[in-house]
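Working notes, beginning with the structure itself.
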Amino acid sequence: MQAPRICANYLAWIGENPRSRNIFGKPNYPARLPARLAALFLLSCAAPPPGTALAATAEELFADGNRLFRDDLYWAALLRYREAQEAGMDTPLLQYNAGVAHYKAGQHLRAREALVNASRSPTLEIHAHYNLGLNALAMGDDEQALAWFRLARDQARFPEISALAVTAIARIQRQQAEEQRPVMQRAEAARPEPKPLGAFTFNFAAGFGSDDNAYRTPADSYVDLSDPNLPVVTPVVQSGTYVPLRLAAQYTVNSFENESFFGAYRYVGRLYQDELLKNADEHVHELSFGSEYRKLAEETERVIYSAFTIAQRDGTYYDRDNGGIVVVDDADIGARMNYMRYGPEIWFRQSFERFSFGGRGKGQLWNYENTETVPEYDHQYVSLGLNAQYRFTRTSLLRVTADTYQRHFGTRPSYELDGTQPIGNEPVRYDYLDLGVSARQRVTRGFWFGLNYIRTDRRDRHVGYNDYIRNSFGADFHLDLSWRFDLDAAAIYEVYDYANAFAFHNPAAGRKTMERSIGTVSATLRLNQNFSLVGAYLYNDVTSNDARLAYNRSQFELNLRWEQ
């Protein structure tokens with residue numbers, strides 16, 4: 001049977017007409033929601049599909065139910081919806097409209113059942129989540145209401161629904177906080193002006209990981225041409241299991257109409273279980289605080305984000321051939337690559353109906369652990385970038401980017417054109433220019449794919465020894481099989497063209513060459529509102545005539561993620 005055709009005011013909800021009106025003929029996003037929470041409704045004016053009279057009767061019953069609903073005759077509307085279902089109609093839209101009618105009729109358990117069924121439709125899930133929040137709120141279950149409203153908030157397809165959900169969450173949290181305070185305190189604090197609103201988000205993931213090359217070790221024996229003694233090196237590839245850990249938390253204060261302030265913390269860690277692999281353990285902590293300004297109009301959006309970030313990386317500087325700690329002149333320099341980086345960043349985006357543009361800037365100081373036997377890696381990092389995007393149709397877009405950035409080291413000496421690195425040379429300075437283009441095509445509401453290209457030009461500002469051109473080709477896609485399951489995949493192929501550098505920094509080895517292939521696949525299965533199973537696979541392959549850089553690595557992870 002052919003699926004029913006959905007009318008224009010339904011399509012408006014999914015992005016074709018932002019000025020659409022609801023079943024009552026009123027705007028879809030009420031201006032005074034803080035005073036009263038309102039449900040979101042859809043209306044089908046589906047034409048009967050070709051076929052039997054039974055299907056046409058179902059469509060007519062459904063349309064009559066919508067008419068009765070508009071007249072506030074909810075019980076009669078529910079009767080028509082049930083008759084339409086008995087006549088052969090069984091669509092998510094019927095479940096959705098019936099769920100809203102049950103909600104208006106005060107049948108909250110039946111409303112929840114129908115809206116949960118409707119939420120399995122990719123086109124209705126966001127609207128259903130919001131209405132499930134309203135229904136839970138009417139049942140007096142604030143925690144369940146918060147869970148549904150957060151799902152409606154944490155999506156980007158329908159910013160008007162996200163804004164309504166933010167308002168609903170803030171009202172519930174404000175009321176909960178008010179109820180927990182003593183009566184006298186509430187009376188003393190009562191003021192006519194609105195109070196700042198806050199929101200807290202948190203997610204944590206842990207699980208199991210497998211790594212077939214923990215130290216990124218070359219697979220084959222090689223002659224180390226960087227050593228005057230020309231030793232033959234036989235690397236030892238080591239594999240094992242690890243525990244991946246990820247944690248992120250953010251508290252946001254919405255003290256103004258369009259501006260919010262936040263503080264955030266993020267941790268990423270990898271803990272190997274085998275003692276022989278402990279040198280591959282890594283921990284990264286990041287703390288940031290800043291503000292975000294977001295203003296929405298009918299066809300435009302303006303976003304300005306600014307933050308100050310501090311991050312700390314802890315790990316071991318190991319010999320990739322065997323995983324041991326690097327020792328130079330009998331001194332252990334295993335902490336050499338640990339660093340703290342800190343600095344401000346800002347980005348903005350201005351979006352119109354089809355066209356958007358933006359810019360970004362960042363400045364950071366990278367402070368590495370002090371080492372006496374080898375030069376330090378301390379450096380300054382500064383970047384500026386611009387981007388523009390044009391949406392040709394509702395399903396296809398093109399994006400161009402331009403970024404320039406610089407790394408200016410403090411004591412690390414530059415290389416000469418013969419591959420030597422005299423200690424007295426001026427510090428390394430690399431200037432980069434990235435030019436990129438990306439295309440995206442949406443095939444269905446739950447499936448899109450894209451193609452990417454980036455050209456990177458790096459200039460060594462001493463004599464140009466480490467200059468290179470890197471061409472990066474990529475493809476990615478996303479697939480939603482249902483509201484519970486989605487799949488993402490990406491592939492990148494990079495080719496480096498060194499103009500002057502030698503393999504092993506030895507002219508006898510010839511010009512350095514390097515290629516890199518990266519592939520990732522991740523799948524997410526949502527078990528309920530808070531828990532998800534996330535599986536991921538990462539493949540890395542580097543080939544080079546500098547054998548110290550070449551390796552092949554595969555990693556697999558399975559994590560249980562909890563989100564609030």
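Residues are named by chain letter and number: chains run A, B, ... in the order of the structure tokens, numbers start at 1 in each chain, and ligands are numbered from 1 in the order shown.
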Item to complete: Mind checking which residues fall within 12 Å of Asp72 of chain A, counting only C-alpha atoms, ignoring those fewer than 5 positions away in the same chain, and posting them as a ChimeraX atom specification?
Response: /A:23-24,65-67,77-78,100-102,104-105
With only C-alpha atoms as the counted atoms, please give the residues lying no more than 7 Å from segment 107-124 of chain A, apart from itself and same-chain residues fewer than 4 positions off, as an mmCIF file with C-alpha atoms, in the first residue's frame.
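Result file is selection_29.cif:
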```
data_model
loop_
_atom_site.group_PDB
_atom_site.id
_atom_site.type_symbol
_atom_site.label_atom_id
_atom_site.label_comp_id
_atom_site.auth_asym_id
_atom_site.auth_seq_id
_atom_site.Cartn_x
_atom_site.Cartn_y
_atom_site.Cartn_z
ATOM 1 C CA PRO A 92 3.147 7.108 13.324
ATOM 2 C CA LEU A 93 1.168 10.266 12.570
ATOM 3 C CA GLN A 95 -0.303 7.466 16.911
ATOM 4 C CA TYR A 96 1.010 10.995 17.414
ATOM 5 C CA ALA A 98 -4.064 10.127 19.174
ATOM 6 C CA GLY A 99 -1.386 10.617 21.850
ATOM 7 C CA VAL A 100 -1.944 14.383 21.900
ATOM 8 C CA HIS A 102 -5.316 11.455 24.996
ATOM 9 C CA TYR A 103 -3.143 14.066 26.687
ATOM 10 C CA ALA A 128 6.927 13.320 20.433
ATOM 11 C CA HIS A 129 9.755 13.757 22.945
ATOM 12 C CA LEU A 132 6.031 13.204 26.301
ATOM 13 C CA ASN A 135 2.511 14.496 29.519
ATOM 14 C CA MET A 139 1.278 13.210 35.647
ATOM 15 C CA GLY A 446 18.018 9.501 8.495
ATOM 16 C CA SER A 482 15.560 4.179 14.162
ATOM 17 C CA TRP A 483 15.446 6.540 17.106
#
```
Item to complete: Report the residues of segment 126-370 of chain A whose backbone DSSP state falls under helix (DSSP H, G or I), written as number ranges by chain.
Response: A: 126-138, 142-153, 159-180, 183-189, 275-280
Discussion item. When you look at Ser383 of chain A with a cut-off of 6 Å (counting only C-alpha atoms), what residues show up, excluding the ones that are within fewer than 2 positions of it in the same chain? I need them as an MDAnalysis selection string.
Written reply: chainID A and resid 361:362 404:405
Keeping only C-alpha atoms, take the residues you just selected and write them out as a compact mmCIF listing (two decimals), in the first residue's frame.
```
# COMPACT_ATOMS: atom_id res chain seq x y z
CA GLY A 361 40.27 32.46 16.34
CA LYS A 362 42.42 30.79 18.97
CA THR A 404 45.90 29.93 8.86
CA TYR A 405 47.83 28.96 11.99
```
Item to complete: Point out the residue among A:Gly140, A:Ala264, A:Pro427, A:Ala165 with the least atom-to-atom distance to Ile126 of chain A, counting only C-alpha atoms.
Response: A:Ala165
Discussion item. I need the strand (DSSP E or B) residues of segment 388-470 of chain A per DSSP on the backbone, written as number ranges by chain.
Written reply: A: 388-393, 396-413, 427-444, 447-460, 468-470
Discussion item. Residues within 12 Å of Arg526 of chain A, please, as a PyMOL selection string. Count only C-alpha atoms; anything in the same chain fewer than 3 positions from it doesn't count.
Written reply: chain A and resi 151+480-487+523+529-535+559-563
Expected file: the selected residues, C-alpha atoms, as a compact mmCIF listing (two decimals), in the first residue's frame:
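For reference, result-v4.txt as written:
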```txt
# COMPACT_ATOMS: atom_id res chain seq x y z
CA LEU A 151 16.04 14.82 24.46
CA ASP A 480 19.68 6.54 11.54
CA LEU A 481 17.97 3.17 11.40
CA SER A 482 15.56 4.18 14.16
CA TRP A 483 15.45 6.54 17.11
CA ARG A 484 17.41 3.90 19.04
CA PHE A 485 20.21 3.10 16.59
CA ASP A 486 22.54 5.15 14.40
CA LEU A 487 25.73 4.44 12.48
CA ALA A 523 27.48 2.58 16.14
CA GLN A 529 16.72 7.76 27.98
CA ASN A 530 20.07 7.71 29.83
CA PHE A 531 22.06 4.65 28.74
CA SER A 532 23.59 3.76 25.37
CA LEU A 533 25.94 1.12 24.03
CA VAL A 534 28.61 2.60 21.75
CA GLY A 535 30.87 0.47 19.59
CA ASN A 559 31.47 1.37 25.83
CA LEU A 560 28.46 1.85 28.05
CA ARG A 561 27.58 5.55 28.06
CA TRP A 562 25.41 7.33 30.62
CA GLU A 563 24.00 10.77 29.83
```
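Residues in contact with Leu549 of chain A at 9 Å, where only C-alpha atoms are counted and same-chain residues fewer than 6 positions away are skipped, are listed as Arg216, Thr217, Pro218, Met514, Val542 and Thr543 of chain A.
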